[in-house]
Amino acid sequence: MSGTGFGFAVEDRLDGRLGRTGTITTPHGVVRTPAFVAVGTRATVRAVLPEAVAAVGAQAVLANAYHLYLQPGADIVEEAGGLGAFMHWPGPTFTDSGGFQVMSLGVGFKKVLAMDVSGLTDDDVIAEGRTRRAAVDDDGVTFTSHLDGSRHRFTPEVSVQIQHRLGADITFAFDELTTLMNTRDYQERSVQRTHAWAERCLREHRRLTVERADRPYQALFGVVQGAQYEDLRRRAARGLAALEVEGPDGVRAGFDGFGIGGALEKQNLGTITGWVASELPEDRPRHMLGISEPDDVFACVENGADTFDCVSPSRVARNAALYTRDGRFNVDTAANRRAFVPIDDDCDCYTCTHYTRAYLHHLFKAKEMLSATLGTIHNERFVVRLVDDIRTAIGDGRYDDFKTEFLGRYYAR
């Protein structure tokens, strides 16, 4: 939006495909895209200092509205000066809407992006999702806190209010979580509900933007759902792209960008991303929610995704799983006990330039906290660097060669 401090510009394009490079401008700095956004769920990338997150090359961090609402409370984050000030992160920040967590944690049903649905049978398909600890209606979601069992309710307006108080540069509209095990009929109704919620989010966002005009502008991204169905994905994308509402100041505005959410069939991830991206406006950024595996990143980038976030790099690092150009391995196995070499000879991260696999093996076996710190630094750097290299390769016109070389080596085992 002009005059807000937020914007997006496309730079290089991937020949014959939807992939591109670009720049997202926010009140707290720029993000050169494609970019991997480090996940700091509770206002921290677990086990590492913000300075270390910056050192691995992360351009932005994403925190979660659900978790920060429950603890310490959006009011405390706001009083601290917003998410960036609270966590001592000077760059751009994202917050997701909490829609994933109120269902995945509140329902107690694990939902995974880029799902592999091979082997599912009709008996695995569910119509309404689990409702043990959360209940969805057309107005919002009532859920049980995973911390203390207390009952809470998120509506589109509440989610936007929380995110405005958190103060992130980029926020997301509240959407309904579904899985690939929901029926087609339910997916249709969910897309309709998510669109209605998106309009309510946009209205509340416009109201709060005018009311809080003394604060830096916060962008709002609409979230495209529709599971594995092409018609639903395209319909949802077109609907959100066309959506505009009038604010209290009389100005009509739509979404500043878009997220691609919901469960996606891993084998069709690129295809689904392409369906959505081809329906969305060229002049607004597209964010993939919950993607970080190398093959998934390539598939999404070449089909039009600009930014990504995922907890996986830090989560697996805490369990001794580390990335290398030759694939992922577990450093706590016996083979690494006397391996006095870096995790990855090609890596320039702090961990690889100072420590060996043998030392990491020792830390994990001894259950030392430093194991999580050093492992996370390496994994975050690996994914950030991969996406940075993809961006450079697009600009240099050698994307296909880079993709073939990287994936051929990474998945050679």
# chains A, B, ... in the order shown; residues from 1 in each chain; ligands from 1
>>> select_by_dssp(residues="range 208-409 of chain A", states="alpha helix (DSSP H)", output="ChimeraX atom specification")
/A:208-211,230-242,269-279,294-302,312-317,350-354,357-365,370-396,399-409
>>> residues_around(residues="Asp295 in chain A", least_positions_apart="2", cutoff="12 Å", atoms="only C-alpha atoms", output="VMD selection string")
chain A and resid 114 266 to 270 291 to 293 297 to 302 327 383 386 to 387 390 403 to 404 406 to 411
>>> residues_around(residues="range 351-360 of chain A", least_positions_apart="6", cutoff="7 Å", atoms="only C-alpha atoms", output="PyMOL selection string")
chain A and resi 331+336-344+371+374+377-378
>>> write_last_selection(atoms="N, CA and C atoms", output="PDB file, in the first residue's frame")
ATOM      1  N   VAL A 331      23.714 -36.901  14.024  1.00  0.00           N
ATOM      2  CA  VAL A 331      25.078 -36.753  14.497  1.00  0.00           C
ATOM      3  C   VAL A 331      25.345 -37.550  15.771  1.00  0.00           C
ATOM      4  N   ASN A 336      29.885 -41.011  14.269  1.00  0.00           N
ATOM      5  CA  ASN A 336      30.384 -39.649  14.456  1.00  0.00           C
ATOM      6  C   ASN A 336      31.158 -39.454  15.760  1.00  0.00           C
ATOM      7  N   ARG A 337      31.347 -40.503  16.487  1.00  0.00           N
ATOM      8  CA  ARG A 337      32.002 -40.384  17.791  1.00  0.00           C
ATOM      9  C   ARG A 337      33.423 -39.841  17.678  1.00  0.00           C
ATOM     10  N   ARG A 338      34.122 -40.248  16.621  1.00  0.00           N
ATOM     11  CA  ARG A 338      35.497 -39.775  16.400  1.00  0.00           C
ATOM     12  C   ARG A 338      35.626 -39.037  15.062  1.00  0.00           C
ATOM     13  N   ALA A 339      34.559 -38.415  14.639  1.00  0.00           N
ATOM     14  CA  ALA A 339      34.575 -37.677  13.371  1.00  0.00           C
ATOM     15  C   ALA A 339      34.984 -36.232  13.649  1.00  0.00           C
ATOM     16  N   PHE A 340      36.282 -35.967  13.545  1.00  0.00           N
ATOM     17  CA  PHE A 340      36.811 -34.639  13.871  1.00  0.00           C
ATOM     18  C   PHE A 340      36.810 -33.741  12.638  1.00  0.00           C
ATOM     19  N   VAL A 341      35.620 -33.609  12.083  1.00  0.00           N
ATOM     20  CA  VAL A 341      35.405 -32.806  10.881  1.00  0.00           C
ATOM     21  C   VAL A 341      34.137 -31.975  11.093  1.00  0.00           C
ATOM     22  N   PRO A 342      33.966 -30.900  10.329  1.00  0.00           N
ATOM     23  CA  PRO A 342      32.735 -30.113  10.472  1.00  0.00           C
ATOM     24  C   PRO A 342      31.495 -30.919  10.088  1.00  0.00           C
ATOM     25  N   ILE A 343      30.344 -30.425  10.482  1.00  0.00           N
ATOM     26  CA  ILE A 343      29.090 -31.045  10.057  1.00  0.00           C
ATOM     27  C   ILE A 343      29.053 -31.123   8.539  1.00  0.00           C
ATOM     28  N   ASP A 344      29.442 -30.019   7.881  1.00  0.00           N
ATOM     29  CA  ASP A 344      29.419 -29.935   6.421  1.00  0.00           C
ATOM     30  C   ASP A 344      30.590 -29.068   5.981  1.00  0.00           C
ATOM     31  N   SER A 371      24.092 -28.491  22.690  1.00  0.00           N
ATOM     32  CA  SER A 371      23.837 -29.295  21.491  1.00  0.00           C
ATOM     33  C   SER A 371      22.733 -28.679  20.651  1.00  0.00           C
ATOM     34  N   LEU A 374      24.019 -25.259  18.955  1.00  0.00           N
ATOM     35  CA  LEU A 374      24.920 -25.422  17.808  1.00  0.00           C
ATOM     36  C   LEU A 374      24.223 -26.117  16.643  1.00  0.00           C
ATOM     37  N   ILE A 377      21.800 -23.489  14.972  1.00  0.00           N
ATOM     38  CA  ILE A 377      22.542 -22.512  14.172  1.00  0.00           C
ATOM     39  C   ILE A 377      22.874 -23.101  12.808  1.00  0.00           C
ATOM     40  N   HIS A 378      23.360 -24.330  12.793  1.00  0.00           N
ATOM     41  CA  HIS A 378      23.736 -24.945  11.518  1.00  0.00           C
ATOM     42  C   HIS A 378      22.523 -25.167  10.612  1.00  0.00           C
TER      43      HIS A 378
END
>>> atom_distance(atom1="CA of Glu79 in chain A", atom2="CA of Arg165 in chain A")
8.7 Å
>>> closest_atom_pairs(of="range 156-181 of chain A", to="range 253-259 of chain A", cutoff="9 Å", atoms="only C-alpha atoms", output="CSV")
residue,atom,partner,partner_atom,distance
A:Ile170,CA,A:Asp256,CA,8.8
A:Phe172,CA,A:Gly259,CA,7.4
A:Ala173,CA,A:Gly259,CA,8.9
>>> atom_distance(atom1="CA of Asp389 in chain A", atom2="CA of Leu18 in chain A")
17.8 Å
>>> residues_around(residues="Ala196 in chain A", least_positions_apart="2", cutoff="10 Å", atoms="only C-alpha atoms", output="ChimeraX atom specification")
/A:138-139,156,175,190-194,198-201,240
>>> write_last_selection(atoms="N, CA and C atoms", output="mmCIF file, in the first residue's frame")
data_model
loop_
_atom_site.group_PDB
_atom_site.id
_atom_site.type_symbol
_atom_site.label_atom_id
_atom_site.label_comp_id
_atom_site.auth_asym_id
_atom_site.auth_seq_id
_atom_site.Cartn_x
_atom_site.Cartn_y
_atom_site.Cartn_z
ATOM 1 N N ASP A 138 -19.426 -20.947 12.475
ATOM 2 C CA ASP A 138 -19.250 -19.903 11.465
ATOM 3 C C ASP A 138 -18.699 -18.606 12.034
ATOM 4 N N ASP A 139 -18.778 -18.440 13.322
ATOM 5 C CA ASP A 139 -18.278 -17.215 13.941
ATOM 6 C C ASP A 139 -16.813 -17.307 14.340
ATOM 7 N N PRO A 156 -12.262 -14.117 13.842
ATOM 8 C CA PRO A 156 -11.388 -13.346 12.960
ATOM 9 C C PRO A 156 -10.975 -12.014 13.579
ATOM 10 N N ASP A 175 -7.872 -18.281 9.449
ATOM 11 C CA ASP A 175 -8.438 -19.256 8.514
ATOM 12 C C ASP A 175 -8.750 -20.543 9.253
ATOM 13 N N SER A 190 -15.503 -25.242 4.178
ATOM 14 C CA SER A 190 -14.404 -24.584 4.871
ATOM 15 C C SER A 190 -13.840 -23.426 4.056
ATOM 16 N N VAL A 191 -13.743 -23.595 2.735
ATOM 17 C CA VAL A 191 -13.269 -22.504 1.884
ATOM 18 C C VAL A 191 -14.226 -21.318 1.977
ATOM 19 N N GLN A 192 -15.520 -21.585 1.974
ATOM 20 C CA GLN A 192 -16.506 -20.508 2.111
ATOM 21 C C GLN A 192 -16.364 -19.809 3.462
ATOM 22 N N ARG A 193 -16.171 -20.608 4.502
ATOM 23 C CA ARG A 193 -16.029 -20.035 5.844
ATOM 24 C C ARG A 193 -14.754 -19.198 5.935
ATOM 25 N N THR A 194 -13.660 -19.719 5.393
ATOM 26 C CA THR A 194 -12.399 -18.988 5.439
ATOM 27 C C THR A 194 -12.504 -17.674 4.676
ATOM 28 N N ALA A 198 -12.006 -14.079 6.178
ATOM 29 C CA ALA A 198 -11.022 -13.175 5.584
ATOM 30 C C ALA A 198 -11.600 -11.773 5.444
ATOM 31 N N GLU A 199 -12.854 -11.678 5.016
ATOM 32 C CA GLU A 199 -13.486 -10.369 4.885
ATOM 33 C C GLU A 199 -13.610 -9.689 6.241
ATOM 34 N N ARG A 200 -13.961 -10.459 7.266
ATOM 35 C CA ARG A 200 -14.057 -9.892 8.603
ATOM 36 C C ARG A 200 -12.685 -9.447 9.115
ATOM 37 N N CYS A 201 -11.658 -10.247 8.821
ATOM 38 C CA CYS A 201 -10.294 -9.865 9.207
ATOM 39 C C CYS A 201 -9.892 -8.558 8.539
ATOM 40 N N LEU A 240 -10.054 -14.104 -2.707
ATOM 41 C CA LEU A 240 -9.247 -13.266 -1.827
ATOM 42 C C LEU A 240 -8.582 -12.136 -2.599
#
>>> closest_residue(among="A:Asp346, A:Glu51, A:Asp296, A:Asp96", to="Tyr69 in chain A", atoms="only C-alpha atoms")
A:Asp96
>>> closest_residue(among="A:Thr25, A:Ser159, A:Ser145, A:Thr376", to="Asn64 in chain A", atoms="only C-alpha atoms")
A:Ser159
>>> closest_residue(among="A:Gly167, A:Pro216, A:Gly99, A:Gly22", to="Val141 in chain A", atoms="only C-alpha atoms")
A:Gly99
